Amino acid sequence: MIRLAIVSPCYNEEAVLHESASRLSALFDDLIAKRKISDDSFVLYVNDGSRDQTWPIIQRLHESNRFICGLNLTHNVGHQNAIMAGMMTARHHADAVVTIDADLQDDITAIEQMVDKYEAGSDIVYGVKISREGDSFIKRSTALLFYRIQSSMGVKAVYNHADFRLLSKRALDELSLYRERNLYLRGLMPMMGFPSDTVDDVISPRFAGSSKYTLSKMLRLATDGITSFSTKPITLIIGLGAVGMCFSLLMLVYVLVSWISGHVVPGWSSIMLSVWFIGSALILSIGVVGEYIGKIYIEVKQRPLYTVEEVLGLPQESA
Ligand code: UDP
Ligand code: MG
């Protein structure tokens with residue numbers, strides 16, 4: 001029987017915590033009764049610098065519920081880093097870790113299958129969304145568009161998988177060796193090359209509270225998902241520049257020919273248009289290159305991903 005840890009990041013989740021804890025404890029009771037997980041398995045809620053009552057609620061849940069443990073971060077470090085903090089803390093106390101969002105939009109019944117697949121020899125078990133009915137139309141379509149762009153840029157990631165997955169202790173130890181700061185966990189998983197499998201995940205709507213992923217956080221994640229793994233955008237810019245060069249040479253020939261033949265080049269507006277277009281293409285290209293330089297800047301500083309303030313009630317470290 002394995003000692004299972006469920007790691008769940010929470011940012012201003014006071015509205016969902018009680019329900020989330022009771023659903024996960026019921027799942028634990030069931031899995032313990034079926035002798036699939038040991039009875040010192042635990043749920044680790046990571047408080048990612050919430051400004052509401054999230055941490056006091058986790059503390060109270062810990063007092064009244066033996067499965068609930070807590071990890072309090074000193075400030076908000078974002079979803080990916082909060083998951084990393086939880087996994088890196090839990091890996092010393094568990095045989096496998098399942099990460100799931102605190103709002104339980106993912107299908108928690110899939111956790112039992114994840115454990116089965118772990119027992120069958122998989123180190124990584126991905127929850128793959130087979131239905132996203134619970135997500136809004138905009139979220140669904142932008143996510144699918146993003147997965148397409150990402151794979152066309154050569155980034156290997158499991159299609160329609162977010163951060164609902166099981167990792168074995170061996171995979172977590174390996175993950176701890178990846179020292180990068182611009183974390184995009186989904187892209188790192190296939191890189192480790194461990195045996196993996198998938199389970200189906202049906203997304204439901206949030207049962208309380210609202211999304212904590214602001215548009216800017218989502219754009220940040222999407223940018224990291226591409227620029228942390230692929231330099232293809234820079235290659236594309238070089239290609240774009242080369243095509244532009246050829247085009248301007250043709251323009252030069254055209255201007256010379258019309259000058260020699262005595263025709264004045266008319267069309268102020270077309271010149272203005274191309275000046276603006278080329279100008280903005282240049283700025284955009286510099287921006288993309290700048291994005292990579294910014295990344296290098298962040299990476300070389302080697303700052304810690306998160307800072308732990310307090311840990312509540314983890315079971316003994318496993319050997
Ligand atoms: N989250 C976090 N830090 C943040 C933003 C979000 O830990 O800065 C957590 C949040 O509490 C939730 C999970 O990440 O458990 C996913 O967020 P949310 O459900 O709001 O995103 P959505 O499902 O709408 O994409
Ligand atoms: Mg959610």
# chains A, B, ... in the order shown; residues from 1 in each chain; ligands from 1
>>> residues_around(residues="range 91-108 of chain A", least_positions_apart="5", cutoff="7 Å", atoms="only C-alpha atoms", output="PDB file with C-alpha atoms, in the first residue's frame")
ATOM      1  CA  ILE A   2       1.338   3.419  -0.868  1.00  0.00           C
ATOM      2  CA  ARG A   3       1.372   6.520   1.222  1.00  0.00           C
ATOM      3  CA  LEU A   4      -0.342   9.050  -0.996  1.00  0.00           C
ATOM      4  CA  ALA A   5      -0.085  12.825  -0.773  1.00  0.00           C
ATOM      5  CA  ILE A   6      -2.534  15.124  -2.517  1.00  0.00           C
ATOM      6  CA  VAL A   7      -1.040  18.567  -3.082  1.00  0.00           C
ATOM      7  CA  SER A   8      -3.466  21.388  -3.680  1.00  0.00           C
ATOM      8  CA  PRO A   9      -2.490  25.042  -4.266  1.00  0.00           C
ATOM      9  CA  CYS A  10      -4.810  27.668  -2.774  1.00  0.00           C
ATOM     10  CA  VAL A  16     -14.057  26.192  -1.511  1.00  0.00           C
ATOM     11  CA  SER A  20     -12.808  20.462  -0.965  1.00  0.00           C
ATOM     12  CA  ASP A 163      -1.643  20.084 -13.716  1.00  0.00           C
ATOM     13  CA  PHE A 164      -3.785  17.191 -12.517  1.00  0.00           C
ATOM     14  CA  ARG A 165      -1.293  14.326 -12.338  1.00  0.00           C
ATOM     15  CA  LEU A 166       0.368  11.707 -10.190  1.00  0.00           C
ATOM     16  CA  LEU A 167       4.133  11.644  -9.767  1.00  0.00           C
ATOM     17  CA  SER A 168       6.092   8.867  -8.073  1.00  0.00           C
ATOM     18  CA  LYS A 169       8.763   9.702  -5.530  1.00  0.00           C
ATOM     19  CA  LEU A 172       9.716  13.965  -7.907  1.00  0.00           C
ATOM     20  CA  ASP A 201     -10.543  13.644 -16.521  1.00  0.00           C
ATOM     21  CA  VAL A 202     -13.940  15.319 -16.827  1.00  0.00           C
ATOM     22  CA  ILE A 203     -13.905  19.010 -15.906  1.00  0.00           C
ATOM     23  CA  SER A 204     -16.784  20.379 -13.835  1.00  0.00           C
ATOM     24  CA  PRO A 205     -17.574  24.025 -13.130  1.00  0.00           C
ATOM     25  CA  ARG A 206     -16.183  25.547  -9.932  1.00  0.00           C
ATOM     26  CA  PRO A 315       3.600  12.530   8.840  1.00  0.00           C
ATOM     27  CA  GLN A 316       7.073  11.121   9.475  1.00  0.00           C
ATOM     28  CA  GLU A 317       9.555  11.240   6.628  1.00  0.00           C
ATOM     29  CA  SER A 318       9.573   8.073   4.586  1.00  0.00           C
TER      30      SER A 318
END
>>> residues_around(residues="Lys212 in chain A", least_positions_apart="5", cutoff="9 Å", atoms="only C-alpha atoms", output="PyMOL selection string")
chain A and resi 11-13+217
>>> residues_around(residues="Ile32 in chain A", least_positions_apart="2", cutoff="12 Å", atoms="only C-alpha atoms", output="list in words")
Met1, Ile2, Arg3, Leu4, Ser25, Ala26, Leu27, Phe28, Asp29, Asp30, Lys34, Arg35, Lys36, Ile37, Ser38, Asp39, Asp40, Ser41, Phe42, Phe67, Glu112 and Val115 of chain A
>>> residues_around(residues="Leu221 in chain A", least_positions_apart="2", cutoff="10 Å", atoms="only C-alpha atoms", output="ChimeraX atom specification")
/A:78-80,182-184,213,215-219,223-227
>>> write_last_selection(atoms="C-alpha atoms", output="CSV table (one decimal), in the first residue's frame")
chain,number,residue,atom,x,y,z
A,78,GLY,CA,1.7,31.8,-8.6
A,79,HIS,CA,0.1,28.4,-9.4
A,80,GLN,CA,3.2,26.6,-10.8
A,182,ASN,CA,10.4,30.1,-15.3
A,183,LEU,CA,8.5,27.0,-14.4
A,184,TYR,CA,6.1,25.3,-16.8
A,213,TYR,CA,-6.2,32.9,-12.9
A,215,LEU,CA,-5.8,37.1,-17.8
A,216,SER,CA,-2.3,38.3,-17.2
A,217,LYS,CA,-1.4,35.2,-15.2
A,218,MET,CA,-2.7,33.1,-18.0
A,219,LEU,CA,-0.8,35.0,-20.7
A,223,THR,CA,4.4,32.6,-22.8
A,224,ASP,CA,6.4,30.4,-20.4
A,225,GLY,CA,4.9,27.3,-22.0
A,226,ILE,CA,6.5,28.2,-25.3
A,227,THR,CA,9.6,30.4,-24.5
>>> residues_around(residues="Tyr306 in chain A", least_positions_apart="2", cutoff="12 Å", atoms="only C-alpha atoms", output="VMD selection string")
chain A and resid 46 to 49 71 to 86 88 to 89 181 183 302 to 304 308 to 309
>>> closest_residue(among="A:Phe247, A:Phe229, A:Phe207, A:Phe194", to="ligand 2", atoms="only C-alpha atoms and all ligand atoms")
A:Phe207
>>> residues_around(residues="His62 in chain A", least_positions_apart="6", cutoff="10 Å", atoms="only C-alpha atoms", output="JSON, numbers by chain")
{"A": [21, 43, 44, 45, 56, 68, 69, 70, 312, 313]}
>>> select_by_dssp(residues="range 197-238 of chain A", states="helix (DSSP H, G or I)", output="list in words")
Leu215, Ser216, Lys217, Met218, Leu219, Arg220, Leu221, Ala222, Thr223, Asp224, Gly225, Ile226, Thr227, Lys232, Pro233, Ile234, Thr235, Leu236, Ile237 and Ile238 of chain A
>>> write_last_selection(atoms="all heavy atoms", output="short mmCIF file (atom, residue, chain, number, x, y, z; two decimals), in the first residue's frame")
data_model
loop_
_atom_site.label_atom_id
_atom_site.label_comp_id
_atom_site.auth_asym_id
_atom_site.auth_seq_id
_atom_site.Cartn_x
_atom_site.Cartn_y
_atom_site.Cartn_z
N LEU A 215 -6.23 37.21 -16.44
CA LEU A 215 -5.80 37.14 -17.83
C LEU A 215 -4.28 37.26 -17.91
O LEU A 215 -3.62 36.53 -18.65
CB LEU A 215 -6.47 38.27 -18.63
CG LEU A 215 -6.14 38.26 -20.12
CD1 LEU A 215 -6.69 36.99 -20.77
CD2 LEU A 215 -6.70 39.49 -20.81
N SER A 216 -3.70 38.16 -17.08
CA SER A 216 -2.25 38.34 -17.19
C SER A 216 -1.51 37.10 -16.69
O SER A 216 -0.49 36.72 -17.26
CB SER A 216 -1.80 39.60 -16.46
OG SER A 216 -1.89 39.42 -15.08
N LYS A 217 -2.03 36.42 -15.64
CA LYS A 217 -1.37 35.19 -15.18
C LYS A 217 -1.45 34.11 -16.26
O LYS A 217 -0.51 33.33 -16.44
CB LYS A 217 -2.04 34.68 -13.90
CG LYS A 217 -1.53 35.40 -12.66
CD LYS A 217 -2.08 34.81 -11.36
CE LYS A 217 -1.50 35.57 -10.17
NZ LYS A 217 -2.08 35.27 -8.89
N MET A 218 -2.58 34.09 -16.97
CA MET A 218 -2.75 33.07 -18.01
C MET A 218 -1.79 33.34 -19.17
O MET A 218 -1.16 32.42 -19.69
CB MET A 218 -4.19 33.10 -18.51
CG MET A 218 -4.71 31.78 -18.94
SD MET A 218 -6.25 31.46 -18.13
CE MET A 218 -7.33 32.52 -19.07
N LEU A 219 -1.67 34.62 -19.56
CA LEU A 219 -0.76 34.96 -20.67
C LEU A 219 0.68 34.64 -20.28
O LEU A 219 1.47 34.16 -21.09
CB LEU A 219 -0.89 36.44 -21.03
CG LEU A 219 -2.19 36.81 -21.77
CD1 LEU A 219 -2.28 38.31 -21.96
CD2 LEU A 219 -2.25 36.09 -23.11
N ARG A 220 1.01 34.89 -19.00
CA ARG A 220 2.35 34.60 -18.50
C ARG A 220 2.66 33.10 -18.65
O ARG A 220 3.70 32.69 -19.13
CB ARG A 220 2.38 35.02 -17.03
CG ARG A 220 3.69 35.09 -16.32
CD ARG A 220 4.60 36.18 -16.80
NE ARG A 220 5.64 35.58 -17.61
CZ ARG A 220 6.34 36.19 -18.53
NH1 ARG A 220 6.15 37.46 -18.78
NH2 ARG A 220 7.24 35.58 -19.22
N LEU A 221 1.68 32.29 -18.21
CA LEU A 221 1.86 30.84 -18.27
C LEU A 221 2.02 30.37 -19.71
O LEU A 221 2.88 29.56 -20.03
CB LEU A 221 0.65 30.15 -17.62
CG LEU A 221 0.73 28.62 -17.54
CD1 LEU A 221 1.76 28.20 -16.50
CD2 LEU A 221 -0.62 28.01 -17.18
N ALA A 222 1.18 30.95 -20.59
CA ALA A 222 1.24 30.56 -22.00
C ALA A 222 2.60 30.94 -22.59
O ALA A 222 3.21 30.16 -23.32
CB ALA A 222 0.11 31.22 -22.78
N THR A 223 3.09 32.14 -22.26
CA THR A 223 4.39 32.56 -22.77
C THR A 223 5.48 31.63 -22.26
O THR A 223 6.35 31.18 -23.02
CB THR A 223 4.71 34.01 -22.31
OG1 THR A 223 3.55 34.79 -22.50
CG2 THR A 223 5.85 34.59 -23.07
N ASP A 224 5.44 31.31 -20.95
CA ASP A 224 6.44 30.39 -20.39
C ASP A 224 6.36 29.03 -21.07
O ASP A 224 7.38 28.39 -21.32
CB ASP A 224 6.22 30.20 -18.88
CG ASP A 224 6.78 31.36 -18.08
OD1 ASP A 224 7.53 32.17 -18.66
OD2 ASP A 224 6.47 31.46 -16.88
N GLY A 225 5.12 28.61 -21.37
CA GLY A 225 4.91 27.29 -21.98
C GLY A 225 5.59 27.18 -23.33
O GLY A 225 5.90 26.09 -23.78
N ILE A 226 5.82 28.30 -23.98
CA ILE A 226 6.52 28.25 -25.26
C ILE A 226 7.97 28.68 -25.12
O ILE A 226 8.88 27.94 -25.47
CB ILE A 226 5.78 29.11 -26.31
CG1 ILE A 226 4.43 28.44 -26.63
CG2 ILE A 226 6.61 29.25 -27.58
CD1 ILE A 226 3.49 29.28 -27.43
N THR A 227 8.19 29.85 -24.51
CA THR A 227 9.57 30.36 -24.53
C THR A 227 10.52 29.63 -23.57
O THR A 227 11.72 29.73 -23.72
CB THR A 227 9.61 31.87 -24.22
OG1 THR A 227 8.92 32.09 -22.98
CG2 THR A 227 8.95 32.67 -25.31
N LYS A 232 12.00 28.54 -31.28
CA LYS A 232 11.44 28.67 -32.63
C LYS A 232 10.91 30.08 -32.93
O LYS A 232 11.08 30.55 -34.05
CB LYS A 232 10.33 27.64 -32.83
CG LYS A 232 10.48 26.94 -34.16
CD LYS A 232 9.45 25.87 -34.30
CE LYS A 232 9.66 25.16 -35.63
NZ LYS A 232 8.87 23.96 -35.75
N PRO A 233 10.28 30.77 -31.94
CA PRO A 233 9.82 32.13 -32.26
C PRO A 233 10.94 33.02 -32.78
O PRO A 233 10.73 33.81 -33.71
CB PRO A 233 9.29 32.64 -30.92
CG PRO A 233 8.85 31.41 -30.22
CD PRO A 233 9.83 30.35 -30.62
N ILE A 234 12.15 32.88 -32.25
CA ILE A 234 13.27 33.70 -32.73
C ILE A 234 13.61 33.30 -34.17
O ILE A 234 13.83 34.17 -35.03
CB ILE A 234 14.51 33.55 -31.82
CG1 ILE A 234 14.19 34.17 -30.45
CG2 ILE A 234 15.72 34.22 -32.42
CD1 ILE A 234 15.36 34.25 -29.52
N THR A 235 13.61 31.99 -34.43
CA THR A 235 13.88 31.53 -35.79
C THR A 235 12.84 32.07 -36.75
O THR A 235 13.17 32.52 -37.86
CB THR A 235 13.84 29.98 -35.83
OG1 THR A 235 14.48 29.50 -34.66
CG2 THR A 235 14.52 29.43 -37.06
N LEU A 236 11.58 32.08 -36.32
CA LEU A 236 10.51 32.60 -37.18
C LEU A 236 10.74 34.08 -37.50
O LEU A 236 10.52 34.53 -38.62
CB LEU A 236 9.15 32.44 -36.50
CG LEU A 236 8.60 31.02 -36.46
CD1 LEU A 236 7.26 30.99 -35.73
CD2 LEU A 236 8.42 30.49 -37.88
N ILE A 237 11.22 34.82 -36.49
CA ILE A 237 11.46 36.25 -36.70
C ILE A 237 12.56 36.45 -37.73
O ILE A 237 12.47 37.32 -38.60
CB ILE A 237 11.83 36.91 -35.36
CG1 ILE A 237 10.56 37.08 -34.55
CG2 ILE A 237 12.50 38.25 -35.58
CD1 ILE A 237 10.80 37.58 -33.19
N ILE A 238 13.59 35.61 -37.64
CA ILE A 238 14.68 35.72 -38.62
C ILE A 238 14.12 35.47 -40.02
O ILE A 238 14.41 36.20 -40.98
CB ILE A 238 15.82 34.72 -38.29
CG1 ILE A 238 16.44 35.12 -36.95
CG2 ILE A 238 16.88 34.72 -39.39
CD1 ILE A 238 17.43 34.13 -36.40
#
